[in-house]
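A.B. asks: Here you go, one structure.
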Amino acid sequence: MKCKFCDKQAVIKLRAYNLKLCHEHFVEFIEKRVEKTIKKYKLFKKNDRILVGVSGGKDSLNTVYILNKLGYKTEGLYIDLGIGTYSEHSKEKAINFSEKFGMSIHIYEVKKDFGMGITEIARLLRRKPCSVCGVIKRYILNKFAHENGFTVLATGHNLDDETATLFSNVLSWQEGYLARQDILLPQKQEKLVKKVKPLALISERESAAYAILNGIDYIHEECPNAQGATSIFYKSILNQIETKQPSTKLRFYLDFIRRGKKFFESSLQEREEQLKPCEVCGYPTTRKVCQYCSIKNEVQKRRG
Ligand code: AMP
Ligand code: FES
Ligand code: ZN
Ligand code: ZN
């Protein structure tokens, strides 16, 4: 199997693009695609300060690596969620990455704020760990970015994450979520930093291959709370469709962004009009007290 662009042996076949590529041309292909996504969707500019949420997984480490390589001012924030050995291992990967490539990654401990990790918080409040975790992660990432002068917050969501979420939201016609799903969420309020997903058009397989070929060591294990998650099931269904009809995932996602999303815009406006400062912390919320502060209050109350 020869590379499409040179005489070298191809290391990967990308059926969605009908391309076989060698190591060097594959790496170049991914970086060019990310750069094109940044420019086409106007994600950020060279003078922006970008904070990347780093989980220790391939996608977020790749995001820090690629953005730095493309010349964007980028730092990472790893949130230690306190989920047993999973958090210990993922933190190790983030620290090792930062040392190996000389890229700055900050660390934030959930335990410092709550006195306990996500698993204990969820148990105490009798809530699902992933929902508590989502609220806390989103809040800390935005707050850290805002307070430390970052103009953009990037996450490592890849094409498989995005299409699985889209599929799930379409199955139950979640108008509000559909209105907000995009590669870019612009800054609508002073305290809500602009959010972007530079790897949204890169598949999980492409992302894994990119990390391996660049010597980026990442955590392979899934969060123990994600076992049996519907997103994993939807990803496998979409991959079955992709095997029969290559490039379906890309088309599904891009056609939604280009043609489908506009039909849900009214839900977005409604939500924006409802946003006001949280009575406790001042960050925008559609409630009186934001979800993060409610969780914090509840934890303090129950611990006595
Ligand atoms: P997930 O929701 O776990 O699929 O993660 C989606 C994105 O959120 C990742 O690509 C990261 O950019 C970010 N993220 C997830 N976990 C963390 C974490 N512990 N600390 C910082 N960012 C995270
Ligand atoms: Fe948040 Fe698993 S990463 S519960
Ligand atoms: Zn080549
Ligand atoms: Zn609050």
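Chain labels run A, B, ... following the order of the structure tokens; each chain numbers its residues from 1, and ligands are numbered from 1 in the order shown.
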Do you know which residues are within 12 Å of ligand 4 using only C-alpha atoms and all ligand atoms? Can you write them as a list in words?

C.D. replies: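 Written in the requested form, the residues are Val135, Ile136, Tyr139, Ile140, Lys143, Lys191, Lys276, Pro277, Cys278, Glu279, Val280, Cys281, Gly282, Tyr283, Pro284, Thr285, Thr286, Arg287, Lys288, Val289, Cys290, Gln291, Tyr292, Cys293, Ser294, Ile295, Lys296 and Asn297 of chain A.
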
A.B. asks: Write out the residues from the selection above, keeping N, CA and C atoms, as a compact mmCIF listing (two decimals), in the first residue's frame.

C.D. replies:
```
# COMPACT_ATOMS: atom_id res chain seq x y z
N VAL A 135 -21.37 19.21 35.03
CA VAL A 135 -21.62 20.55 35.57
C VAL A 135 -20.33 21.14 36.13
N ILE A 136 -19.63 20.34 36.95
CA ILE A 136 -18.42 20.84 37.63
C ILE A 136 -17.30 21.14 36.63
N TYR A 139 -18.08 24.30 34.55
CA TYR A 139 -17.99 25.51 35.37
C TYR A 139 -16.53 25.89 35.62
N ILE A 140 -15.73 24.91 36.05
CA ILE A 140 -14.32 25.20 36.38
C ILE A 140 -13.55 25.65 35.14
N LYS A 143 -14.61 29.24 34.35
CA LYS A 143 -14.18 30.18 35.37
C LYS A 143 -12.66 30.38 35.32
N LYS A 191 -18.81 36.96 31.20
CA LYS A 191 -18.23 35.88 32.00
C LYS A 191 -18.36 34.48 31.37
N LYS A 276 -28.98 35.09 33.67
CA LYS A 276 -28.69 36.21 34.57
C LYS A 276 -27.66 35.74 35.60
N PRO A 277 -27.05 36.68 36.34
CA PRO A 277 -25.99 36.26 37.26
C PRO A 277 -26.50 35.37 38.39
N CYS A 278 -25.73 34.33 38.71
CA CYS A 278 -26.04 33.45 39.84
C CYS A 278 -25.98 34.29 41.12
N GLU A 279 -26.95 34.09 42.00
CA GLU A 279 -27.00 34.91 43.23
C GLU A 279 -25.81 34.65 44.15
N VAL A 280 -25.15 33.51 43.99
CA VAL A 280 -24.01 33.20 44.86
C VAL A 280 -22.68 33.60 44.22
N CYS A 281 -22.44 33.15 42.97
CA CYS A 281 -21.11 33.36 42.39
C CYS A 281 -21.07 34.43 41.31
N GLY A 282 -22.21 34.80 40.76
CA GLY A 282 -22.24 35.85 39.74
C GLY A 282 -22.04 35.37 38.32
N TYR A 283 -21.77 34.08 38.13
CA TYR A 283 -21.61 33.57 36.76
C TYR A 283 -23.00 33.34 36.15
N PRO A 284 -23.14 33.55 34.82
CA PRO A 284 -24.47 33.48 34.20
C PRO A 284 -25.13 32.10 34.33
N THR A 285 -26.43 32.13 34.59
CA THR A 285 -27.20 30.90 34.73
C THR A 285 -28.66 31.18 34.38
N THR A 286 -29.41 30.13 34.05
CA THR A 286 -30.84 30.33 33.78
C THR A 286 -31.64 30.14 35.08
N ARG A 287 -30.94 29.76 36.18
CA ARG A 287 -31.62 29.58 37.48
C ARG A 287 -31.27 30.73 38.40
N LYS A 288 -31.86 30.71 39.62
CA LYS A 288 -31.49 31.75 40.60
C LYS A 288 -30.06 31.50 41.07
N VAL A 289 -29.80 30.22 41.44
CA VAL A 289 -28.47 29.82 41.87
C VAL A 289 -27.98 28.80 40.85
N CYS A 290 -26.75 28.96 40.35
CA CYS A 290 -26.27 28.08 39.27
C CYS A 290 -26.10 26.64 39.79
N GLN A 291 -25.99 25.71 38.86
CA GLN A 291 -25.92 24.29 39.25
C GLN A 291 -24.68 24.00 40.08
N TYR A 292 -23.58 24.67 39.75
CA TYR A 292 -22.33 24.43 40.50
C TYR A 292 -22.50 24.85 41.96
N CYS A 293 -23.03 26.05 42.18
CA CYS A 293 -23.23 26.53 43.56
C CYS A 293 -24.26 25.67 44.29
N SER A 294 -25.28 25.20 43.57
CA SER A 294 -26.29 24.34 44.22
C SER A 294 -25.63 23.05 44.70
N ILE A 295 -24.76 22.47 43.86
CA ILE A 295 -24.08 21.23 44.26
C ILE A 295 -23.20 21.51 45.49
N LYS A 296 -22.49 22.63 45.45
CA LYS A 296 -21.61 22.98 46.57
C LYS A 296 -22.40 23.16 47.87
N ASN A 297 -23.52 23.90 47.78
CA ASN A 297 -24.38 24.11 48.96
C ASN A 297 -24.86 22.79 49.53
```

A.B. asks: Excluding Ile95 (chain A) and its own-chain neighbours fewer than 5 positions away, which residues fall within 10 Å of it when counting only C-alpha atoms? Please give them as an MDAnalysis selection string.

C.D. replies: chainID A and resid 56 78 90 100 103:107

A.B. asks: Region 115-188 of chain A: which residues are helix (DSSP H, G or I) by DSSP, as an mmCIF file with C-alpha atoms, in the first residue's frame?

C.D. replies:
```cif
data_model
loop_
_atom_site.group_PDB
_atom_site.id
_atom_site.type_symbol
_atom_site.label_atom_id
_atom_site.label_comp_id
_atom_site.auth_asym_id
_atom_site.auth_seq_id
_atom_site.Cartn_x
_atom_site.Cartn_y
_atom_site.Cartn_z
ATOM 1 C CA ILE A 118 -16.855 13.347 41.927
ATOM 2 C CA THR A 119 -17.675 9.772 42.931
ATOM 3 C CA GLU A 120 -18.256 10.737 46.590
ATOM 4 C CA ILE A 121 -20.170 13.904 45.650
ATOM 5 C CA ALA A 122 -22.508 11.889 43.407
ATOM 6 C CA ARG A 123 -23.007 9.266 46.093
ATOM 7 C CA LEU A 124 -23.728 11.894 48.753
ATOM 8 C CA LEU A 125 -26.267 13.705 46.548
ATOM 9 C CA PRO A 129 -21.654 10.861 38.582
ATOM 10 C CA CYS A 130 -21.529 11.912 34.897
ATOM 11 C CA SER A 131 -24.139 14.647 35.323
ATOM 12 C CA VAL A 132 -22.437 16.091 38.443
ATOM 13 C CA CYS A 133 -19.086 15.778 36.672
ATOM 14 C CA GLY A 134 -20.331 17.582 33.535
ATOM 15 C CA VAL A 135 -21.621 20.553 35.567
ATOM 16 C CA ILE A 136 -18.421 20.837 37.628
ATOM 17 C CA LYS A 137 -16.053 20.440 34.651
ATOM 18 C CA ARG A 138 -17.851 23.014 32.500
ATOM 19 C CA TYR A 139 -17.989 25.512 35.372
ATOM 20 C CA ILE A 140 -14.322 25.198 36.377
ATOM 21 C CA LEU A 141 -13.051 25.344 32.778
ATOM 22 C CA ASN A 142 -15.032 28.509 32.050
ATOM 23 C CA LYS A 143 -14.184 30.182 35.374
ATOM 24 C CA PHE A 144 -10.468 29.370 35.139
ATOM 25 C CA ALA A 145 -10.355 30.694 31.561
ATOM 26 C CA HIS A 146 -12.236 33.882 32.454
ATOM 27 C CA GLU A 147 -10.247 34.649 35.619
ATOM 28 C CA LEU A 159 -16.041 13.747 15.157
ATOM 29 C CA ASP A 160 -17.199 10.553 16.881
ATOM 30 C CA ASP A 161 -18.101 12.454 20.088
ATOM 31 C CA GLU A 162 -19.937 15.088 18.101
ATOM 32 C CA THR A 163 -21.905 12.707 15.871
ATOM 33 C CA ALA A 164 -22.867 10.474 18.824
ATOM 34 C CA THR A 165 -24.193 13.538 20.683
ATOM 35 C CA LEU A 166 -25.990 14.768 17.565
ATOM 36 C CA PHE A 167 -27.522 11.332 16.978
ATOM 37 C CA SER A 168 -28.715 11.168 20.583
ATOM 38 C CA ASN A 169 -30.156 14.699 20.485
ATOM 39 C CA VAL A 170 -31.959 13.984 17.216
ATOM 40 C CA LEU A 171 -33.457 10.729 18.507
ATOM 41 C CA GLU A 175 -34.210 21.348 20.622
ATOM 42 C CA GLY A 176 -32.186 23.280 23.198
ATOM 43 C CA TYR A 177 -29.165 21.004 22.903
ATOM 44 C CA LEU A 178 -29.403 20.948 19.096
ATOM 45 C CA ALA A 179 -29.418 24.757 19.043
ATOM 46 C CA ARG A 180 -26.183 24.826 21.054
#
```

A.B. asks: Give me every strand (DSSP E or B) residue in region 5-240 of chain A, going by DSSP on the backbone, as a ChimeraX atom specification.

C.D. replies: /A:9,12-14,19-21,49-54,73-80,105-109,152-154,184-185,189,192,194-196

A.B. asks: Which of these residues is nearest to Leu81 (chain A), using only C-alpha atoms: A:Cys223, A:Leu192, A:Leu14, A:Leu238?

C.D. replies: A:Cys223

A.B. asks: Please report, as JSON lines, each residue of chain A lying at most 7 Å from ligand 1, together with the nearest pair of atoms and the separation in Å rounded to one decimal; use only C-alpha atoms and all ligand atoms, and order rows by chain and ascending residue number.

C.D. replies:
```
{"residue": "A:Val52", "atom": "CA", "partner": "ligand 1", "partner_atom_place_in_ligand_line": "12 (O)", "distance": 6.1}
{"residue": "A:Gly53", "atom": "CA", "partner": "ligand 1", "partner_atom_place_in_ligand_line": "22 (N)", "distance": 3.4}
{"residue": "A:Val54", "atom": "CA", "partner": "ligand 1", "partner_atom_place_in_ligand_line": "22 (N)", "distance": 4.1}
{"residue": "A:Ser55", "atom": "CA", "partner": "ligand 1", "partner_atom_place_in_ligand_line": "17 (C)", "distance": 3.8}
{"residue": "A:Asp59", "atom": "CA", "partner": "ligand 1", "partner_atom_place_in_ligand_line": "10 (O)", "distance": 5.5}
{"residue": "A:Ser60", "atom": "CA", "partner": "ligand 1", "partner_atom_place_in_ligand_line": "10 (O)", "distance": 4.5}
{"residue": "A:Leu77", "atom": "CA", "partner": "ligand 1", "partner_atom_place_in_ligand_line": "21 (C)", "distance": 5.5}
{"residue": "A:Tyr78", "atom": "CA", "partner": "ligand 1", "partner_atom_place_in_ligand_line": "20 (N)", "distance": 4.0}
{"residue": "A:Ile79", "atom": "CA", "partner": "ligand 1", "partner_atom_place_in_ligand_line": "20 (N)", "distance": 3.7}
{"residue": "A:Asp80", "atom": "CA", "partner": "ligand 1", "partner_atom_place_in_ligand_line": "19 (N)", "distance": 5.6}
{"residue": "A:Leu81", "atom": "CA", "partner": "ligand 1", "partner_atom_place_in_ligand_line": "19 (N)", "distance": 5.9}
{"residue": "A:Lys137", "atom": "CA", "partner": "ligand 1", "partner_atom_place_in_ligand_line": "18 (C)", "distance": 6.6}
{"residue": "A:Leu141", "atom": "CA", "partner": "ligand 1", "partner_atom_place_in_ligand_line": "21 (C)", "distance": 6.9}
{"residue": "A:Ala154", "atom": "CA", "partner": "ligand 1", "partner_atom_place_in_ligand_line": "12 (O)", "distance": 6.5}
{"residue": "A:Thr155", "atom": "CA", "partner": "ligand 1", "partner_atom_place_in_ligand_line": "12 (O)", "distance": 3.3}
{"residue": "A:Gly156", "atom": "CA", "partner": "ligand 1", "partner_atom_place_in_ligand_line": "10 (O)", "distance": 3.2}
{"residue": "A:His157", "atom": "CA", "partner": "ligand 1", "partner_atom_place_in_ligand_line": "10 (O)", "distance": 4.7}
{"residue": "A:Asp161", "atom": "CA", "partner": "ligand 1", "partner_atom_place_in_ligand_line": "4 (O)", "distance": 6.8}
```

A.B. asks: CA of Leu61 (chain A) and CA of Lys73 (chain A), how far apart in Å?

C.D. replies: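 Going from CA of Lys73 (chain A) over to CA of Leu61 (chain A) covers 14.8 Å.
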
A.B. asks: Closest to Glu222 (chain A) among A:Ile83, A:Val64, A:Leu185, A:Ile38, using only C-alpha atoms?

C.D. replies: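 For Glu222 (chain A), the nearest of the candidates is A:Ile83.
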
A.B. asks: Kindly give the distance, in Å, that separates CA of Leu153 (chain A) and CA of Val193 (chain A), rounded to a single decimal.

C.D. replies: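 Here the two named atoms are 6.5 Å from each other.
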
A.B. asks: Counting only C-alpha atoms, what is within 12 Å of Asp255 (chain A), bar same-chain residues fewer than 6 positions away, as a list in words?

C.D. replies: Thr163, Leu166, Asp182, Ser247, Thr248, Lys249, Lys261 and Lys262 of chain A

A.B. asks: Could you write out that same residue set with N, CA, C and O atoms as an mmCIF file, in the first residue's frame?

C.D. replies:
```cif
data_model
loop_
_atom_site.group_PDB
_atom_site.id
_atom_site.type_symbol
_atom_site.label_atom_id
_atom_site.label_comp_id
_atom_site.auth_asym_id
_atom_site.auth_seq_id
_atom_site.Cartn_x
_atom_site.Cartn_y
_atom_site.Cartn_z
ATOM 1 N N THR A 163 -20.803 13.369 16.580
ATOM 2 C CA THR A 163 -21.905 12.707 15.871
ATOM 3 C C THR A 163 -22.740 11.858 16.832
ATOM 4 O O THR A 163 -23.952 11.769 16.677
ATOM 5 N N LEU A 166 -24.969 14.304 18.516
ATOM 6 C CA LEU A 166 -25.990 14.768 17.565
ATOM 7 C C LEU A 166 -27.063 13.693 17.364
ATOM 8 O O LEU A 166 -28.266 13.976 17.402
ATOM 9 N N ASP A 182 -22.300 22.942 18.227
ATOM 10 C CA ASP A 182 -21.556 23.540 17.108
ATOM 11 C C ASP A 182 -20.054 23.448 17.360
ATOM 12 O O ASP A 182 -19.628 23.120 18.465
ATOM 13 N N SER A 247 -17.649 8.091 5.153
ATOM 14 C CA SER A 247 -17.855 9.550 5.236
ATOM 15 C C SER A 247 -19.263 9.949 5.681
ATOM 16 O O SER A 247 -19.608 11.123 5.664
ATOM 17 N N THR A 248 -20.065 8.969 6.128
ATOM 18 C CA THR A 248 -21.401 9.301 6.643
ATOM 19 C C THR A 248 -21.321 10.224 7.856
ATOM 20 O O THR A 248 -22.082 11.186 7.976
ATOM 21 N N LYS A 249 -20.379 9.939 8.774
ATOM 22 C CA LYS A 249 -20.292 10.739 10.003
ATOM 23 C C LYS A 249 -20.005 12.203 9.661
ATOM 24 O O LYS A 249 -20.652 13.102 10.192
ATOM 25 N N LYS A 261 -29.078 23.074 11.741
ATOM 26 C CA LYS A 261 -29.023 23.798 13.012
ATOM 27 C C LYS A 261 -29.920 25.042 13.058
ATOM 28 O O LYS A 261 -30.508 25.350 14.085
ATOM 29 N N LYS A 262 -30.019 25.712 11.911
ATOM 30 C CA LYS A 262 -30.752 26.996 11.893
ATOM 31 C C LYS A 262 -32.218 26.840 12.342
ATOM 32 O O LYS A 262 -32.817 27.784 12.837
#
```

A.B. asks: Work out how far apart CA of Ile12 (chain A) and CA of Lys69 (chain A) are and give it in Å to one decimal.

C.D. replies: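 CA of Ile12 (chain A) sits 22.0 Å away from CA of Lys69 (chain A).
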
A.B. asks: Residues of chain A within 6 Å of ligand 3: nearest atom pair and distance (Å, one decimal) for each, counting only C-alpha atoms and all ligand atoms, sorted by chain and number, as a tab-separated table?

C.D. replies:
```
residue	atom	partner	partner_atom_place_in_ligand_line	distance
A:Cys3	CA	ligand 3	1 (Zn)	4.7
A:Phe5	CA	ligand 3	1 (Zn)	4.8
A:Cys6	CA	ligand 3	1 (Zn)	4.2
A:Lys8	CA	ligand 3	1 (Zn)	5.5
A:Leu21	CA	ligand 3	1 (Zn)	5.5
A:Cys22	CA	ligand 3	1 (Zn)	4.3
A:Glu24	CA	ligand 3	1 (Zn)	6.0
A:His25	CA	ligand 3	1 (Zn)	4.7
```

A.B. asks: Determine the nearest neighbour of Phe29 (chain A) from the options A:Ser207, A:Val299, A:Ser266, A:Phe256, counting only C-alpha atoms.

C.D. replies: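 Of A:Ser207, A:Val299, A:Ser266, A:Phe256, the one nearest Phe29 (chain A) is A:Ser207, counting only C-alpha atoms.
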
A.B. asks: Find the spatial neighbours of Leu43 (chain A), counting only C-alpha atoms, within a cut-off of 9 Å - ignore same-chain residues fewer than 5 positions away - and output them as a list in words.

C.D. replies: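 Contacts, with the query itself left out: Thr37, Ile38, Val152, Ile183, Leu184, Pro186, Lys194, Lys195, Val196, Lys197 and Pro198 of chain A.
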
A.B. asks: Between A:Leu250, A:Val110, A:Ile241, A:Ile202, which residue has the minimum interatomic distance to ligand 2, considering only C-alpha atoms and all ligand atoms?

C.D. replies: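 Closest residue, counting only C-alpha atoms and all ligand atoms: A:Val110.
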
A.B. asks: Select, from A:Asn158, A:Thr151, A:Gln181, A:Gln227, the residue with the minimum atom-to-atom distance to ligand 2, counting only C-alpha atoms and all ligand atoms.

C.D. replies: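 Closest to ligand 2 of all the choices is A:Gln227.
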